[in-house]
Amino acid sequence: NPPAATRVSIIGTGYLGATHAVCMSELGFSVVGVDIDPGKVANLAAGRVPFFEPGLEELLRKNLDTGRLTFTTSFTDAAAADVHFLCVGTPQRPDSPAADLSHLVSAVDRLLAAGPKPGSLLVGKSTVPAGTAAALARRLATEAPLVGLAWNPEFLREGFAVEDTMRPDRLVLGLQADDGGRAEGMLRAIYASAIEAGTPLVLTDFATAELVKVAANAFLATKISFINAMAEICEATGGDVKTLAAALAHDARIGGRFLGAGVGFGGGCLPKDIRAFQARAAELGAGYAVGFLAEVDAINLRRRTRMAELTTELLGGSVAGRRVAVLGAAFKPNSDDIRDSPALDVANLLHRAGAVVTVTDPAAVPNARQRHPELSYADNAVQAATDADIVLHLTEWSDFREIDPVALASYVRTPTVIDGRNALDVARWRAAGWSYYALGRPRV
Ligand code: UGA
């Protein structure tokens, strides 16, 4: 079958869904993206990506022009598809560390009410607690026995969403043993180009597929907290965590990626995934196995308070009335996502302690302003740093790395910088007259 003959629906057009819809269409499939949020649908249908993701908007527009890609709020339009990808969010519940599956449940309610085609396949991509797919399979067995199910977790990184979707590190397919290989066949056809390009394919059961995703994020979070714990030890001994990490990285078994010490991890995935993982393991009576993730979370959050403490110390013991410039609002560079952002958490801690905090970020200021109207915002680093008593570098955008420290020094009241991401060129900043401090590195 030529791809265009295969109709694909993408349920949930947030970060994951919008990217998946565009990429599936780019591969030649007929794609309909469905979402209950009319605003999101209207934006995407008009060629606007409602979040910051390099390269995605161009590809969206190109594919809208082909007519292969449409967006709708009607599940009836989606019901005619051969393959449905479930891409809704599974955020942390407001009242507990567990994942909130209500969006997933209501998406399935709506799809089943719309009457999916017999022989079609439902493919879960959302990050879910182990056991979710099995529960969904039981539901389908009674309510839509002719609809198949597979679990195919997504590993894309914000900022690299298109690249990660088109050329994933691996494809994980959680399959039912008793469907005669139907789901596997359909997914092999969907992912034919990636498979032909040599993408490793992992065929497994539902529980393992669900776990690969949370285990991967738990591992990444652990790696970051490990190096941040070493940063704490470096602070106690006078060691240098950056040199330590570089030396560790020479061991190919350890590797250098995700050993960047600083204010730690944030975002809509790592923090909530390690919490939901612990909650689910506890429900399964196996909480003891991932007890260490509580420590991973605690180390991570301690970096934020440490950053605020160091700022306070460098300002002589109190931040009240002092001007603090914060470079960064997004949880990482090349993103406008401020969910669980370490930068904004630090900014808030200082604001609550009485500092006059001005935040700047190349992309995330509109989101930050909406969520934290109590902080002040500036269009660029110079504006943010004008008359500042201290500058905090909290999200390592290239814009900030490229700042000319000589020029910036002429705007501030005191040329003191804390590099919360260990990403600035220390020698350059010091040569420009700045007192440079970083987490986990000796003072000079
Ligand atoms: C993460 C995973 O990397 C993806 O594989 C996964 O698909 C995604 O979550 C998800 O579950 O959807 P993402 O949240 O986009 O992706 O961000 P990362 O690039 O993993 O960064 C996470 C956080 O760790 C950021 O706040 C970043 O600043 C921080 N980080 C990263 C460090 O503090 N140090 C490092 O060395 C690396």
# chains A, B, ... in the order shown; residues from 1 in each chain; ligands from 1

$ select_by_dssp --residues "stretch 152-374 of chain A" --states "helix (DSSP H, G or I)" --output "VMD selection string"
chain A and resid 161 to 166 182 to 190 192 to 196 206 to 237 241 to 249 270 to 283 287 to 290 292 to 314 342 to 352 365 to 371

$ residues_around --residues "A:Ser341" --least-positions-apart "2" --cutoff "12 Å" --atoms "only C-alpha atoms" --output "mmCIF file with C-alpha atoms, in the first residue's frame"
data_model
loop_
_atom_site.group_PDB
_atom_site.id
_atom_site.type_symbol
_atom_site.label_atom_id
_atom_site.label_comp_id
_atom_site.auth_asym_id
_atom_site.auth_seq_id
_atom_site.Cartn_x
_atom_site.Cartn_y
_atom_site.Cartn_z
ATOM 1 C CA VAL A 263 20.630 23.743 38.663
ATOM 2 C CA GLY A 264 19.344 20.353 37.588
ATOM 3 C CA PHE A 265 16.553 18.938 35.502
ATOM 4 C CA GLY A 266 13.073 20.304 34.947
ATOM 5 C CA GLY A 267 10.435 20.151 32.248
ATOM 6 C CA GLY A 268 7.216 18.287 31.728
ATOM 7 C CA CYS A 269 8.805 14.833 31.664
ATOM 8 C CA LEU A 270 11.747 13.895 33.885
ATOM 9 C CA PRO A 271 10.414 15.270 37.212
ATOM 10 C CA ASN A 300 17.699 17.833 42.038
ATOM 11 C CA LEU A 301 15.516 20.167 44.092
ATOM 12 C CA ARG A 304 17.656 25.132 43.282
ATOM 13 C CA GLY A 328 16.776 31.971 31.398
ATOM 14 C CA ALA A 329 13.180 31.009 32.069
ATOM 15 C CA ALA A 330 12.707 27.876 29.956
ATOM 16 C CA PHE A 331 13.560 24.527 31.582
ATOM 17 C CA LYS A 332 16.227 24.091 28.910
ATOM 18 C CA PRO A 333 17.502 26.012 25.871
ATOM 19 C CA SER A 335 12.344 25.622 24.194
ATOM 20 C CA ASP A 336 9.636 27.952 25.485
ATOM 21 C CA ASP A 337 8.506 25.305 27.962
ATOM 22 C CA ILE A 338 8.539 26.548 31.547
ATOM 23 C CA ARG A 339 7.064 23.465 33.217
ATOM 24 C CA ALA A 343 15.314 28.898 36.440
ATOM 25 C CA LEU A 344 11.868 30.165 37.406
ATOM 26 C CA ASP A 345 11.935 28.254 40.664
ATOM 27 C CA VAL A 346 15.179 30.007 41.644
ATOM 28 C CA ALA A 347 13.795 33.359 40.448
ATOM 29 C CA ASN A 348 10.759 32.828 42.651
ATOM 30 C CA ALA A 364 9.909 31.665 27.168
ATOM 31 C CA ASN A 367 4.784 31.799 29.081
ATOM 32 C CA ALA A 368 6.732 32.857 32.161
ATOM 33 C CA ARG A 371 2.500 31.907 34.962
ATOM 34 C CA HIS A 372 4.575 34.207 37.177
ATOM 35 C CA LEU A 394 20.120 29.515 34.650
ATOM 36 C CA THR A 395 19.256 28.272 31.124
#

$ residues_around --residues "A:Lys223" --least-positions-apart "6" --cutoff "9 Å" --atoms "only C-alpha atoms" --output "MDAnalysis selection string"
chainID A and resid 257:259 296

$ write_last_selection --atoms "C-alpha atoms" --output "PDB file, in the first residue's frame"
ATOM      1  CA  ARG A 257      26.119  13.015  28.085  1.00  0.00           C
ATOM      2  CA  PHE A 258      23.731  14.040  30.858  1.00  0.00           C
ATOM      3  CA  LEU A 259      26.653  14.682  33.169  1.00  0.00           C
ATOM      4  CA  VAL A 296      17.292  11.661  42.799  1.00  0.00           C
TER       5      VAL A 296
END

$ atom_distance --atom1 "atom CA of A:Ser102" --atom2 "atom CA of A:Gly89"
9.2 Å

$ closest_residue --among "A:Leu60, A:Ala78, A:Ala134, A:Ile227" --to "ligand 1" --atoms "only C-alpha atoms and all ligand atoms"
A:Ile227

$ residues_around --residues "A:Gly47" --least-positions-apart "6" --cutoff "9 Å" --atoms "only C-alpha atoms" --output "PyMOL selection string"
chain A and resi 57-58+60-62+64

$ write_last_selection --atoms "C-alpha atoms" --output "tab-separated table (two decimals), in the first residue's frame"
chain	number	residue	atom	x	y	z
A	57	GLU	CA	6.39	25.08	11.63
A	58	GLU	CA	7.98	24.94	8.16
A	60	LEU	CA	3.67	21.79	9.19
A	61	ARG	CA	3.01	24.37	6.47
A	62	LYS	CA	4.58	22.24	3.78
A	64	LEU	CA	-0.83	21.33	5.10

$ residues_around --residues "A:Phe85" --least-positions-apart "3" --cutoff "12 Å" --atoms "only C-alpha atoms" --output "JSON, numbers by chain"
{"A": [7, 8, 9, 10, 11, 12, 13, 16, 17, 18, 19, 20, 21, 24, 31, 32, 33, 34, 78, 79, 81, 82, 88, 104, 107, 108, 111, 120, 121, 122, 123, 124, 125, 126, 148, 149, 150, 151, 152, 153, 154, 187, 190]}
